[in-house]
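> Below is the file data-v9.tsv, with TSV, C-alpha atoms.
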```tsv
chain	number	residue	atom	x	y	z
A	25	MET	CA	0.00	0.00	0.00
A	26	GLY	CA	2.87	2.35	0.66
A	27	MET	CA	4.26	1.84	-2.87
A	28	SER	CA	1.31	3.51	-4.63
A	29	GLN	CA	0.03	7.07	-4.61
A	30	ASN	CA	-2.97	6.32	-6.84
A	31	VAL	CA	-6.29	6.73	-4.98
A	32	CYS	CA	-7.99	4.12	-7.21
A	33	THR	CA	-5.37	1.60	-6.09
A	34	ILE	CA	-5.32	2.54	-2.41
A	35	ARG	CA	-9.09	2.39	-1.70
A	36	PRO	CA	-9.57	-1.30	-2.59
A	37	LEU	CA	-6.34	-2.15	-0.79
A	38	VAL	CA	-7.56	-0.49	2.40
A	39	ALA	CA	-10.83	-2.44	2.23
A	40	ALA	CA	-9.04	-5.73	1.54
A	41	LEU	CA	-6.50	-5.05	4.26
A	42	ALA	CA	-9.20	-4.26	6.81
A	43	PHE	CA	-11.17	-7.45	6.11
A	44	HIS	CA	-7.99	-9.53	5.98
A	45	GLN	CA	-6.74	-8.18	9.29
A	46	ILE	CA	-10.12	-8.72	10.98
A	47	PHE	CA	-10.40	-12.36	9.96
A	48	GLU	CA	-6.71	-13.08	10.44
A	49	GLY	CA	-6.88	-11.53	13.90
A	50	MET	CA	-9.87	-13.68	14.84
A	51	GLY	CA	-8.15	-16.83	13.61
A	52	LEU	CA	-4.86	-15.97	15.25
A	53	GLY	CA	-6.60	-15.00	18.47
A	54	GLY	CA	-8.38	-18.35	18.59
A	55	CYS	CA	-5.15	-20.25	18.05
A	56	VAL	CA	-3.30	-18.22	20.68
A	57	ALA	CA	-6.13	-18.69	23.19
A	58	GLN	CA	-6.15	-22.48	22.63
A	59	ALA	CA	-2.38	-22.74	22.91
A	60	GLY	CA	-2.39	-21.61	26.52
A	61	PHE	CA	0.52	-19.18	26.36
A	62	SER	CA	1.39	-16.95	29.28
A	63	PHE	CA	-0.05	-13.43	29.41
A	64	GLY	CA	3.29	-11.87	28.46
A	65	THR	CA	3.64	-14.08	25.39
A	66	MET	CA	0.06	-13.33	24.31
A	67	ALA	CA	0.62	-9.59	24.80
A	68	TYR	CA	3.82	-9.76	22.73
A	69	MET	CA	2.01	-11.65	19.94
A	70	CYS	CA	-0.83	-9.11	19.92
A	71	PHE	CA	1.66	-6.25	19.82
A	72	MET	CA	3.59	-7.75	16.91
A	73	PHE	CA	0.37	-8.46	14.99
A	74	SER	CA	-0.67	-4.84	15.53
A	75	VAL	CA	2.57	-3.22	14.37
A	76	THR	CA	3.59	-5.37	11.39
A	77	THR	CA	1.09	-3.86	8.94
A	78	PRO	CA	1.92	-0.22	9.74
A	79	MET	CA	5.64	-1.07	9.59
A	80	GLY	CA	5.11	-2.62	6.15
A	81	ILE	CA	3.28	0.48	4.95
A	82	ILE	CA	6.07	2.72	6.27
A	83	LEU	CA	8.66	0.51	4.55
A	84	GLY	CA	6.69	0.75	1.30
A	85	MET	CA	6.47	4.52	1.58
A	86	GLY	CA	10.22	4.72	2.18
A	87	LEU	CA	11.02	2.47	-0.77
A	88	PHE	CA	8.59	4.42	-2.93
A	89	SER	CA	10.36	7.68	-2.12
A	90	LEU	CA	13.72	6.07	-2.94
A	91	THR	CA	12.52	4.91	-6.37
A	92	GLY	CA	11.60	8.42	-7.51
A	93	LEU	CA	7.92	8.89	-6.52
A	94	ASP	CA	6.66	7.69	-9.92
A	95	ASP	CA	4.33	4.67	-10.16
A	96	SER	CA	5.41	3.90	-13.71
A	97	SER	CA	9.18	4.22	-13.33
A	98	PRO	CA	11.14	1.01	-13.96
A	99	ASN	CA	12.68	1.10	-10.47
A	100	ALA	CA	9.26	1.39	-8.80
A	101	LEU	CA	7.82	-1.44	-10.91
A	102	ILE	CA	10.79	-3.71	-10.15
A	103	MET	CA	10.56	-2.94	-6.42
A	104	GLU	CA	6.79	-3.55	-6.40
A	105	GLY	CA	7.26	-6.84	-8.26
A	106	LEU	CA	10.01	-8.00	-5.91
A	107	LEU	CA	8.04	-7.16	-2.76
A	108	GLY	CA	4.89	-8.79	-4.19
A	109	SER	CA	6.71	-11.97	-5.14
A	110	ILE	CA	8.43	-12.25	-1.75
A	111	SER	CA	5.19	-11.75	0.18
A	112	SER	CA	3.19	-14.13	-2.00
A	113	GLY	CA	5.89	-16.78	-1.72
A	114	ILE	CA	5.82	-16.52	2.07
A	115	LEU	CA	2.02	-16.75	2.09
A	116	ILE	CA	1.96	-19.80	-0.18
A	117	TYR	CA	4.58	-21.57	1.92
A	118	MET	CA	2.78	-20.80	5.18
A	119	ALA	CA	-0.57	-21.93	3.75
A	120	LEU	CA	0.71	-25.21	2.32
A	121	VAL	CA	3.20	-26.26	4.97
A	122	ASP	CA	1.98	-24.80	8.24
A	123	LEU	CA	-1.78	-24.60	7.81
A	124	ILE	CA	-3.25	-26.99	5.24
A	125	ALA	CA	-0.83	-29.86	5.84
A	126	VAL	CA	-1.42	-29.78	9.59
A	127	ASP	CA	-5.20	-29.64	9.22
A	128	PHE	CA	-5.43	-32.38	6.61
A	129	PHE	CA	-2.70	-34.84	7.53
A	130	HIS	CA	-2.05	-34.47	11.27
A	131	ASN	CA	-5.60	-34.19	12.54
A	132	LYS	CA	-7.19	-37.19	14.29
A	133	LEU	CA	-10.73	-36.08	13.52
A	134	MET	CA	-9.94	-35.59	9.84
A	135	ASN	CA	-8.30	-39.00	9.56
A	136	SER	CA	-11.14	-40.78	11.36
A	137	ASP	CA	-13.98	-39.72	9.04
A	138	PRO	CA	-13.45	-40.05	5.25
A	139	ARG	CA	-16.60	-38.00	4.52
A	140	LEU	CA	-15.25	-35.09	6.54
A	141	LYS	CA	-11.95	-35.29	4.68
A	142	LYS	CA	-13.70	-35.29	1.29
A	143	ALA	CA	-15.95	-32.40	2.32
A	144	SER	CA	-12.89	-30.49	3.54
A	145	PHE	CA	-11.10	-31.02	0.22
A	146	VAL	CA	-14.21	-29.82	-1.66
A	147	ALA	CA	-14.46	-26.75	0.59
A	148	LEU	CA	-10.75	-26.02	0.08
A	149	THR	CA	-11.13	-26.31	-3.69
A	150	LEU	CA	-14.24	-24.11	-3.76
A	151	GLY	CA	-12.54	-21.52	-1.57
A	152	SER	CA	-9.48	-21.50	-3.82
A	153	ALA	CA	-11.72	-21.09	-6.88
A	154	ALA	CA	-13.62	-18.23	-5.22
A	155	MET	CA	-10.36	-16.46	-4.35
A	156	SER	CA	-9.16	-16.91	-7.94
A	157	ILE	CA	-12.36	-15.34	-9.24
A	158	LEU	CA	-11.99	-12.45	-6.79
A	159	ALA	CA	-8.42	-11.96	-8.02
A	160	LEU	CA	-9.82	-10.93	-11.40
A	161	TRP	CA	-10.85	-7.60	-9.84
A	162	ALA	CA	-7.70	-7.06	-7.80
```
Would you mind writing the structure in this file as structure tokens?

Amino acid sequence: MGMSQNVCTIRPLVAALAFHQIFEGMGLGGCVAQAGFSFGTMAYMCFMFSVTTPMGIILGMGLFSLTGLDDSSPNALIMEGLLGSISSGILIYMALVDLIAVDFFHNKLMNSDPRLKKASFVALTLGSAAMSILALWA
């Protein structure tokens, strides 16, 4: 978000970021509550979750000012592409290795009921398809 100065680009990003942070915060909060961490650890996790997005925006604004304050300059496009590819690679790795694999392969409930496993695969596929369709407007 910090790499663009175009209002038409920023508005949808703010909406997407708000919804993403809300649902990610609820999911992360549920996991942290179930894990039974100490109060200090939970407070640290909440603090880090709260400051990472603003720090990323500040980093983007700083990099944008270093590339010449022009959305269409080659340096800005290369920087935006590099940051996008790094962040999407991290998200894909986290989703496949840390989230989906644990839920599908190391879950006693999932392994005990084949219908639940099939329904979960269908839901995962439909969710992936829905996100792909939404990406057409992004």
> Quick one: everything within 12 Å of Leu52 of chain A, counting all atoms listed in the file, minus sequence neighbours fewer than 4 positions away in the same chain. Send it as number ranges by chain.
A: 44-48, 56-59, 66, 69-70, 72-74, 123
> One number please: atom CA of Asp95 of chain A to atom CA of Ile82 of chain A, in Å, one decimal.
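Spanning atom CA of Asp95 of chain A to atom CA of Ile82 of chain A is a straight-line distance of 16.6 Å.
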> What is the distance between atom CA of Ala125 of chain A and atom CA of Gly64 of chain A, in Å to one decimal?
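Result for atom CA of Ala125 of chain A versus atom CA of Gly64 of chain A: 29.2 Å, one decimal.
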> As an exercise, work out the distance from atom CA of Gly92 of chain A to atom CA of Leu37 of chain A in Å and give it to one decimal place.
21.9 Å
